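What's in structure.csv: CSV, C-alpha atoms
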chain,number,residue,atom,x,y,z
A,192,MET,CA,23.7,3.0,9.0
A,193,THR,CA,23.6,6.7,9.7
A,194,VAL,CA,20.6,8.9,10.4
A,195,SER,CA,21.0,10.5,7.1
A,196,SER,CA,20.2,7.2,5.3
A,197,ILE,CA,16.6,7.1,4.2
A,198,CYS,CA,13.9,4.5,4.4
A,199,ILE,CA,10.7,5.4,2.5
A,200,SER,CA,7.8,3.7,4.4
A,201,ILE,CA,4.6,3.4,2.5
A,202,LEU,CA,3.2,0.7,4.7
A,203,SER,CA,-0.4,1.2,4.0
A,204,MET,CA,-2.9,2.6,1.5
A,205,LEU,CA,-4.4,4.3,4.5
A,206,SER,CA,-1.7,6.8,5.6
A,207,SER,CA,-2.1,10.1,7.3
A,208,SER,CA,1.2,11.8,6.7
A,209,THR,CA,3.7,12.9,4.1
A,210,VAL,CA,7.2,13.6,5.3
A,211,LYS,CA,8.9,14.2,8.7
A,212,GLN,CA,8.9,17.9,9.6
A,213,ARG,CA,12.0,17.5,11.7
A,214,PRO,CA,13.9,14.6,10.2
A,215,GLU,CA,16.8,15.0,12.5
A,216,ASP,CA,14.5,14.2,15.4
A,217,ASN,CA,12.7,11.3,13.7
A,218,ASP,CA,9.5,12.8,15.3
A,219,ARG,CA,6.1,11.5,14.5
A,220,TYR,CA,4.5,14.7,13.2
A,221,VAL,CA,4.6,15.4,9.6
A,222,LYS,CA,3.8,17.9,6.9
A,223,ASN,CA,2.7,17.9,3.3
A,224,CYS,CA,5.5,19.2,1.1
A,225,ARG,CA,4.2,18.1,-2.4
A,226,ASN,CA,4.1,20.9,-4.9
A,227,GLY,CA,5.1,23.5,-2.4
A,228,ARG,CA,1.9,23.4,-0.4
A,229,SER,CA,1.9,24.9,3.1
A,230,PRO,CA,2.6,22.5,5.9
A,231,LYS,CA,-0.3,20.8,7.6
A,232,GLU,CA,0.5,18.7,10.5
A,233,THR,CA,-1.4,15.5,11.3
A,234,ARG,CA,-0.6,12.5,13.5
A,235,TRP,CA,0.7,9.2,12.1
A,236,TRP,CA,-1.4,6.6,13.9
A,237,PHE,CA,-0.9,3.1,12.3
A,238,HIS,CA,2.9,3.1,12.1
A,239,ASP,CA,4.3,4.9,15.1
A,240,ASP,CA,5.8,1.7,16.4
A,241,LYS,CA,7.6,0.8,13.2
A,242,ILE,CA,8.7,4.4,12.6
A,243,ASN,CA,10.1,4.7,16.1
A,244,PHE,CA,11.7,1.2,15.9
A,245,LEU,CA,13.6,2.0,12.7
A,246,ALA,CA,14.4,5.5,13.9
A,247,ASN,CA,15.9,4.1,17.1
A,248,HIS,CA,18.1,1.9,15.0
A,249,GLY,CA,19.6,4.9,13.2
A,250,TYR,CA,17.3,5.1,10.1
A,251,HIS,CA,15.7,8.3,8.8
A,252,VAL,CA,12.2,7.2,8.1
A,253,VAL,CA,10.0,9.1,5.6
A,254,ALA,CA,6.3,8.2,5.7
A,255,PRO,CA,4.5,9.7,2.6
A,256,ASP,CA,0.9,9.9,1.7
A,257,LEU,CA,0.5,8.5,-1.7
A,258,ARG,CA,-1.2,11.0,-4.0
A,259,GLY,CA,-5.0,10.9,-3.5
A,260,TYR,CA,-4.6,10.1,0.3
A,261,GLY,CA,-4.6,12.3,3.4
A,262,ASP,CA,-3.2,15.7,2.8
A,263,SER,CA,-1.4,15.0,-0.5
A,264,ASP,CA,-2.8,16.3,-3.8
A,265,SER,CA,-5.7,14.4,-5.1
A,266,PRO,CA,-6.3,14.8,-8.8
A,267,LEU,CA,-9.8,13.9,-10.0
A,268,SER,CA,-8.7,12.1,-13.2
A,269,PRO,CA,-7.7,8.4,-13.0
A,270,SER,CA,-5.1,9.1,-15.7
A,271,SER,CA,-3.2,11.0,-13.0
A,272,TYR,CA,-2.6,7.8,-11.0
A,273,THR,CA,-0.5,5.7,-13.3
A,274,ALA,CA,2.7,3.9,-12.3
A,275,PHE,CA,4.6,6.7,-13.9
A,276,HIS,CA,2.9,9.3,-11.8
A,277,ILE,CA,3.4,7.4,-8.5
A,278,VAL,CA,7.0,6.6,-9.3
A,279,GLY,CA,7.7,10.2,-10.2
A,280,ASP,CA,6.3,11.3,-6.8
A,281,LEU,CA,8.6,8.9,-5.0
A,282,ILE,CA,11.6,9.9,-7.0
A,283,GLY,CA,10.8,13.5,-6.2
A,284,LEU,CA,10.6,12.6,-2.5
A,285,ILE,CA,14.0,10.9,-2.6
A,286,ASP,CA,15.5,13.9,-4.4
A,287,HIS,CA,13.9,16.2,-1.8
A,288,PHE,CA,16.0,14.6,0.9
A,289,GLY,CA,19.2,14.7,-1.3
A,290,GLN,CA,19.6,11.0,-1.5
A,291,ASP,CA,20.7,8.9,-4.5
A,292,LYS,CA,18.9,5.7,-3.3
A,293,ALA,CA,16.5,4.6,-0.6
A,294,PHE,CA,15.2,1.5,1.0
A,295,VAL,CA,11.5,1.2,0.3
A,296,VAL,CA,8.8,-0.5,2.5
A,297,GLY,CA,5.2,-0.8,1.3
A,298,ALA,CA,2.0,-2.8,1.9
A,299,ASP,CA,-1.0,-3.2,-0.4
A,300,TRP,CA,-1.0,-0.3,-2.8
A,301,GLY,CA,2.2,0.8,-1.1
A,302,ALA,CA,3.7,-2.5,-2.2
A,303,VAL,CA,2.5,-2.0,-5.7
A,304,ALA,CA,4.2,1.4,-5.7
A,305,GLY,CA,7.3,-0.2,-4.4
A,306,TRP,CA,7.3,-2.8,-7.2
A,307,HIS,CA,6.8,-0.2,-9.8
A,308,LEU,CA,9.5,2.0,-8.4
A,309,SER,CA,11.9,-1.0,-8.4
A,310,LEU,CA,10.9,-2.0,-11.9
A,311,LEU,CA,11.2,1.5,-13.5
A,312,ARG,CA,13.9,3.1,-11.4
A,313,PRO,CA,16.0,0.3,-9.9
A,314,ASP,CA,18.9,2.8,-9.8
A,315,ARG,CA,17.2,4.7,-7.0
A,316,VAL,CA,16.3,1.7,-4.8
A,317,ARG,CA,18.7,0.1,-2.3
A,318,GLY,CA,16.2,-2.6,-1.4
A,319,LEU,CA,12.5,-3.3,-1.2
A,320,VAL,CA,10.3,-4.8,1.5
A,321,ALA,CA,6.8,-5.6,0.1
A,322,LEU,CA,3.9,-6.7,2.2
A,323,CYS,CA,0.8,-8.5,1.2
A,324,VAL,CA,0.9,-7.9,-2.6
A,325,PRO,CA,3.5,-9.9,-4.6
A,326,TYR,CA,5.0,-8.7,-7.9
A,327,LEU,CA,2.6,-9.8,-10.6
A,328,PRO,CA,4.1,-9.9,-14.1
A,329,ARG,CA,2.1,-8.2,-16.8
A,330,ASN,CA,-0.3,-10.5,-18.7
A,331,PRO,CA,0.8,-10.0,-22.4
A,332,SER,CA,-2.7,-10.6,-23.9
A,333,THR,CA,-5.4,-9.6,-21.4
A,334,LYS,CA,-6.0,-6.3,-19.6
A,335,THR,CA,-6.2,-6.5,-15.8
A,336,THR,CA,-9.9,-5.8,-15.5
A,337,ASN,CA,-10.8,-8.2,-18.3
A,338,TYR,CA,-8.9,-11.0,-16.5
A,339,LEU,CA,-10.5,-10.2,-13.1
A,340,ARG,CA,-14.0,-10.0,-14.7
A,341,GLN,CA,-13.4,-13.4,-16.3
A,342,ALA,CA,-11.9,-15.0,-13.2
A,343,ILE,CA,-14.1,-13.5,-10.5
A,344,GLY,CA,-17.1,-11.7,-12.1
A,345,ASP,CA,-18.7,-8.3,-11.9
A,346,GLY,CA,-19.1,-8.6,-8.2
A,347,CYS,CA,-15.3,-8.2,-7.7
A,348,HIS,CA,-14.6,-4.9,-5.9
A,349,VAL,CA,-12.0,-4.0,-8.6
A,350,ILE,CA,-14.6,-4.2,-11.3
A,351,GLN,CA,-17.2,-2.2,-9.3
A,352,PHE,CA,-14.6,0.5,-8.6
A,353,GLN,CA,-14.0,1.1,-12.4
A,354,GLU,CA,-17.0,3.4,-13.1
A,355,PRO,CA,-16.3,6.9,-11.9
A,356,GLY,CA,-18.8,7.9,-9.2
A,357,ARG,CA,-20.3,4.5,-8.7
A,358,ALA,CA,-18.4,3.4,-5.6
A,359,GLU,CA,-18.5,7.0,-4.2
A,360,LYS,CA,-22.3,7.0,-4.5
A,361,ALA,CA,-22.6,3.6,-2.8
A,362,PHE,CA,-20.2,4.5,0.0
A,363,ALA,CA,-22.2,7.7,0.7
A,364,ARG,CA,-25.0,5.5,2.1
A,365,TYR,CA,-22.8,4.9,5.2
A,366,ASP,CA,-20.9,7.1,7.6
A,367,TYR,CA,-17.1,7.2,7.1
A,368,LEU,CA,-16.4,5.2,10.2
A,369,THR,CA,-18.6,2.3,9.0
A,370,VAL,CA,-16.9,2.3,5.6
A,371,MET,CA,-13.5,2.0,7.4
A,372,LYS,CA,-14.8,-0.9,9.5
A,373,LYS,CA,-16.2,-2.7,6.5
A,374,PHE,CA,-13.0,-2.6,4.5
A,375,LEU,CA,-10.3,-2.7,7.2
A,376,LEU,CA,-11.9,-5.4,9.2
A,377,ILE,CA,-13.0,-7.9,6.5
A,378,ALA,CA,-13.4,-11.3,8.2
A,379,ASP,CA,-15.2,-13.2,5.4
A,380,LYS,CA,-12.9,-14.6,2.7
A,381,ASP,CA,-15.6,-14.2,0.1
A,382,MET,CA,-15.2,-10.6,-1.1
A,383,VAL,CA,-17.3,-10.9,-4.2
A,384,ALA,CA,-20.8,-9.3,-4.2
A,385,PRO,CA,-23.8,-11.1,-5.6
A,386,PRO,CA,-25.4,-9.8,-8.8
A,387,ASP,CA,-26.8,-6.3,-8.6
A,388,VAL,CA,-25.3,-5.8,-5.1
A,389,GLU,CA,-22.7,-3.2,-4.3
A,390,ILE,CA,-19.6,-4.5,-2.5
A,391,ILE,CA,-20.0,-2.0,0.3
A,392,ASP,CA,-23.5,-3.2,0.9
A,393,TYR,CA,-22.3,-6.8,0.8
A,394,LEU,CA,-19.5,-6.5,3.3
A,395,LYS,CA,-20.5,-7.0,7.0
A,396,THR,CA,-19.9,-4.4,9.6
A,397,PRO,CA,-18.1,-6.1,12.5
A,398,TRP,CA,-19.6,-5.7,16.0
A,399,SER,CA,-16.2,-5.9,17.8
A,400,LEU,CA,-12.7,-4.8,16.9
A,401,PRO,CA,-9.5,-7.0,16.7
A,402,PRO,CA,-6.9,-6.2,19.3
A,403,TRP,CA,-4.6,-4.5,16.8
A,404,ILE,CA,-6.8,-1.5,16.2
A,405,THR,CA,-8.9,0.8,18.4
A,406,GLU,CA,-12.1,2.8,17.7
A,407,GLU,CA,-10.0,6.0,18.2
A,408,GLU,CA,-7.6,5.0,15.4
A,409,LEU,CA,-10.5,4.1,13.0
A,410,GLN,CA,-12.1,7.4,13.7
A,411,VAL,CA,-8.9,9.2,12.8
A,412,TYR,CA,-9.0,7.6,9.4
A,413,ALA,CA,-12.7,8.2,9.0
A,414,GLU,CA,-12.2,11.9,9.6
A,415,LYS,CA,-9.3,12.0,7.2
A,416,PHE,CA,-11.4,10.4,4.4
A,417,GLU,CA,-14.3,12.7,5.2
A,418,GLU,CA,-11.9,15.6,4.4
A,419,SER,CA,-10.3,14.1,1.3
A,420,GLY,CA,-13.0,11.8,-0.1
A,421,PHE,CA,-12.6,8.4,-1.7
A,422,THR,CA,-12.1,9.4,-5.3
A,423,GLY,CA,-8.3,9.6,-5.1
A,424,PRO,CA,-7.9,6.1,-3.6
A,425,LEU,CA,-10.4,4.6,-6.1
A,426,ASN,CA,-8.5,6.1,-9.0
A,427,TYR,CA,-5.7,3.7,-8.4
A,428,TYR,CA,-8.1,0.9,-9.4
A,429,ARG,CA,-9.4,3.0,-12.3
A,430,ALA,CA,-5.8,3.4,-13.7
A,431,MET,CA,-5.1,-0.4,-13.7
A,432,ASP,CA,-5.9,-0.9,-17.4
A,433,LEU,CA,-4.0,2.3,-18.3
A,434,ASN,CA,-1.0,0.9,-16.4
A,435,TRP,CA,-1.4,-2.3,-18.4
A,436,GLU,CA,-1.0,-0.3,-21.6
A,437,LEU,CA,1.8,1.9,-20.4
A,438,LEU,CA,3.9,-0.9,-19.0
A,439,ALA,CA,4.0,-2.9,-22.3
A,440,PRO,CA,7.6,-1.9,-23.0
A,441,TRP,CA,8.6,-3.6,-19.7
A,442,GLN,CA,7.0,-6.9,-20.6
A,443,GLY,CA,9.1,-9.7,-19.3
A,444,SER,CA,11.4,-7.4,-17.3
A,445,LYS,CA,12.5,-8.6,-13.8
A,446,ILE,CA,12.7,-6.9,-10.5
A,447,THR,CA,16.5,-6.8,-9.9
A,448,VAL,CA,16.7,-5.0,-6.6
A,449,PRO,CA,17.2,-7.0,-3.4
A,450,THR,CA,13.7,-7.8,-2.1
A,451,LYS,CA,11.9,-9.3,0.9
A,452,TYR,CA,8.3,-10.2,0.6
A,453,LEU,CA,6.2,-10.6,3.8
A,454,VAL,CA,2.6,-12.0,3.8
A,455,GLY,CA,0.2,-13.3,6.4
A,456,ASP,CA,-0.7,-16.9,5.8
A,457,LYS,CA,-4.4,-16.1,6.3
A,458,ASP,CA,-4.4,-12.9,4.1
A,459,ILE,CA,-7.6,-12.9,2.0
A,460,GLY,CA,-5.6,-11.9,-1.1
A,461,PHE,CA,-3.1,-14.7,-0.5
A,462,GLU,CA,-5.8,-17.3,-0.8
A,463,THR,CA,-7.4,-16.1,-4.0
A,464,LEU,CA,-6.6,-16.4,-7.7
A,465,GLY,CA,-3.8,-18.9,-7.2
A,466,THR,CA,-1.7,-16.3,-5.3
A,467,LYS,CA,-0.5,-18.9,-2.7
A,468,ASP,CA,0.7,-21.3,-5.4
A,469,TYR,CA,2.3,-18.4,-7.3
A,470,VAL,CA,4.3,-17.2,-4.3
A,471,HIS,CA,5.3,-20.8,-3.4
A,472,GLY,CA,6.3,-21.6,-7.0
A,473,GLU,CA,9.1,-20.8,-9.3
A,474,ILE,CA,7.6,-18.0,-11.5
A,475,PHE,CA,7.6,-15.4,-8.6
A,476,LYS,CA,11.2,-16.2,-7.9
A,477,SER,CA,12.2,-16.0,-11.6
A,478,CYS,CA,10.5,-12.6,-11.8
A,479,VAL,CA,12.3,-11.4,-8.7
A,480,PRO,CA,15.7,-13.2,-8.6
A,481,ASP,CA,17.1,-11.6,-5.5
A,482,LEU,CA,14.0,-12.6,-3.3
A,483,GLU,CA,13.4,-13.7,0.2
A,484,VAL,CA,9.9,-14.8,1.1
A,485,VAL,CA,8.6,-14.8,4.7
A,486,PHE,CA,5.3,-16.2,5.8
A,487,LEU,CA,3.8,-14.8,9.0
A,488,ASP,CA,0.9,-16.1,11.1
A,489,GLY,CA,-1.7,-13.4,10.3
A,490,HIS,CA,-4.1,-11.7,7.9
A,491,HIS,CA,-4.0,-8.8,5.4
A,492,PHE,CA,-3.0,-6.0,7.8
A,493,ILE,CA,-0.1,-8.1,9.1
A,494,GLN,CA,2.0,-4.9,9.8
A,495,GLU,CA,-0.6,-4.0,12.4
A,496,GLU,CA,-1.5,-7.5,13.6
A,497,LYS,CA,2.2,-8.4,14.2
A,498,PRO,CA,4.0,-5.1,14.4
A,499,GLN,CA,7.1,-6.3,16.2
A,500,GLU,CA,7.6,-9.3,13.9
A,501,VAL,CA,7.2,-7.1,10.9
A,502,SER,CA,9.6,-4.5,12.3
A,503,ASN,CA,12.2,-7.2,13.0
A,504,GLU,CA,11.9,-8.5,9.5
A,505,ILE,CA,12.3,-5.0,8.0
A,506,LEU,CA,15.3,-4.3,10.2
A,507,SER,CA,17.0,-7.6,9.5
A,508,PHE,CA,16.6,-6.9,5.7
A,509,LEU,CA,18.0,-3.4,6.0
A,510,ARG,CA,21.0,-4.5,8.0
A,511,LYS,CA,21.8,-7.4,5.7
A,512,GLN,CA,21.7,-5.2,2.6
A,513,SER,CA,23.8,-2.5,4.3
A,514,ALA,CA,26.4,-5.2,5.2
A,515,ASP,CA,26.5,-6.6,1.7
A,516,GLU,CA,27.1,-3.2,0.1

Take the structure I supplied and represent it as structure tokens, if you would.
Amino acid sequence: MTVSSICISILSMLSSSTVKQRPEDNDRYVKNCRNGRSPKETRWWFHDDKINFLANHGYHVVAPDLRGYGDSDSPLSPSSYTAFHIVGDLIGLIDHFGQDKAFVVGADWGAVAGWHLSLLRPDRVRGLVALCVPYLPRNPSTKTTNYLRQAIGDGCHVIQFQEPGRAEKAFARYDYLTVMKKFLLIADKDMVAPPDVEIIDYLKTPWSLPPWITEEELQVYAEKFEESGFTGPLNYYRAMDLNWELLAPWQGSKITVPTKYLVGDKDIGFETLGTKDYVHGEIFKSCVPDLEVVFLDGHHFIQEEKPQEVSNEILSFLRKQSADE
């Protein structure tokens, strides 16, 4: 694998960078190059270890902010956050570096982006490593929010995030650091608010931090969200039903690219809505035929809780796929 080979890393929905300013050095400072905007450097905090690890093994790592996050453009309309828009952004990024294909690594909404990219443009993906969120085939008869409302209720965070401005207003009752702590450090498996209670009010604020994150790192993200706001990230949820409509032509389509799926066995999402049975069962494997599933001892932010294990799993996948080509 040469340094010119590219690995797009969208390891978290909470990124603080776009692309490497000096890719030949694989340095950790980045700039925003979307739509020709002027460079604005910012430090990549969460994923320095994984970026350096892959870079030291000869990979050119590109760590983009998804639209709506960090220094990337943040359209106000939810209709600007469909799978087509996100996939288009990623294709533009691959084109920017003059590559035909890229390995893609993503967690949470980054995993969703990776699944959609692999579904819609498998010709541009050498392989996918998805963390936390598995590929979920489209329900042919029920919109996503209707299903969640029926299965969980109106206290589900996804349902509460649908109304423009509602979550933003509720979040504004807290400082940005507290919002980060409430969502990043969820310890309770019950993430459903009681009737007439906002999810941000229901979530507890932890008094102590786990060993995988520091107050300084949380403050970096708090300051970044204070600059950009929460509307962009919330628009991903608000586009879910539109995605359901737009992806109808791909009903029944499979993910054909080589894929490794990593999940913490204590991930809150892994233990809800039958996800564990789905991942262990045959439907997931039938939807993603070239699939390897790895269970790790950890929670939702497994890439931070077990960074070396995750890095090793990513590297082993990249090496295997490169050897098989």

Would you pick out the contacts of Tyr452 of chain A at 8 Å or less, using only C-alpha atoms, so that residues sharing its chain but fewer than 2 positions from it are not included, and give the list as a ChimeraX atom specification? /A:320-323,325,450,454,482-485

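For the pair atom CA of Cys347 of chain A and atom CA of Asp468 of chain A, the interatomic distance is 20.8 Å.
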
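From atom CA of Leu409 of chain A back to atom CA of Glu359 of chain A, the distance works out to 19.2 Å.
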
Near Tyr367 of chain A, counting all atoms listed in the file, which residues have an atom at most 8 Å away, once you skip same-chain residues fewer than 5 positions from it, shown as number ranges by chain? A: 413-414, 416-417

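You can rank A:Gly283, A:Pro269, A:Pro331, A:Gly305 by their closest distance to Val448 of chain A using all atoms listed in the file, and at the top of that list sits A:Gly305.
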
Give me the residues within 10 Å of Asp488 of chain A as a short mmCIF file (atom, residue, chain, number, x, y, z; two decimals) with C-alpha atoms, keeping the file's coordinate frame, counting only C-alpha atoms and dropping any in the same chain fewer than 4 places off.
data_model
loop_
_atom_site.label_atom_id
_atom_site.label_comp_id
_atom_site.auth_asym_id
_atom_site.auth_seq_id
_atom_site.Cartn_x
_atom_site.Cartn_y
_atom_site.Cartn_z
CA VAL A 454 2.60 -12.00 3.80
CA GLY A 455 0.20 -13.30 6.40
CA ASP A 456 -0.70 -16.90 5.80
CA LYS A 457 -4.40 -16.10 6.30
CA ASP A 458 -4.40 -12.90 4.10
CA ILE A 493 -0.10 -8.10 9.10
CA GLU A 496 -1.50 -7.50 13.60
CA LYS A 497 2.20 -8.40 14.20
CA GLU A 500 7.60 -9.30 13.90
#

Determine the nearest neighbour of Tyr428 of chain A from the options A:Ser265, A:Ser507, A:Gln353, A:Thr335, counting all atoms listed in the file. A:Gln353

To one decimal in Å, tell me the separation between atom CA of Leu509 of chain A and atom CA of Phe275 of chain A.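 Answer for the atom CA of Leu509 of chain A to atom CA of Phe275 of chain A separation: 26.0 Å.
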
Excluding Gly423 of chain A and its own-chain neighbours fewer than 3 positions away, which residues fall within 7 Å of it when counting only C-alpha atoms? Please give them as an mmCIF file with C-alpha atoms, in the frame of the given file.
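The result, written out as selection.cif:
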data_model
loop_
_atom_site.group_PDB
_atom_site.id
_atom_site.type_symbol
_atom_site.label_atom_id
_atom_site.label_comp_id
_atom_site.auth_asym_id
_atom_site.auth_seq_id
_atom_site.Cartn_x
_atom_site.Cartn_y
_atom_site.Cartn_z
ATOM 1 C CA GLY A 259 -5.000 10.900 -3.500
ATOM 2 C CA TYR A 260 -4.600 10.100 0.300
ATOM 3 C CA SER A 265 -5.700 14.400 -5.100
ATOM 4 C CA PRO A 266 -6.300 14.800 -8.800
ATOM 5 C CA LEU A 267 -9.800 13.900 -10.000
ATOM 6 C CA ASN A 426 -8.500 6.100 -9.000
#

Which is closest to Ser444 of chain A among A:His287, A:Met382, A:Val479, A:Val349, if we use only C-alpha atoms?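 Between A:His287, A:Met382, A:Val479, A:Val349, the residue approaching Ser444 of chain A most closely is A:Val479.
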
So that I can see what lies close to Phe244 of chain A, please list as a list of chain:residue names the residues with an atom at most 9 Å from it, counting only C-alpha atoms and leaving out residues fewer than 4 positions away in the same chain.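 My list of contacting residues is A:Asp239, A:Asp240, A:His248, A:Tyr250, A:Gln499, A:Ser502, A:Asn503, A:Leu506.
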
Considering all atoms listed in the file, state which residue in the set A:Arg357, A:His348, A:Lys467, A:His490 is at the smallest distance from Leu375 of chain A. A:His490

Which of A:Lys373, A:Lys511, A:Lys380, A:Arg315 sits closest to Tyr393 of chain A [using all atoms listed in the file]: A:Lys373

Using only C-alpha atoms, which of A:Asp392, A:Glu462, A:Asp291, A:Glu406 sits nearest Phe374 of chain A?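 That would be A:Asp392, the residue with the smallest distance to Phe374 of chain A.
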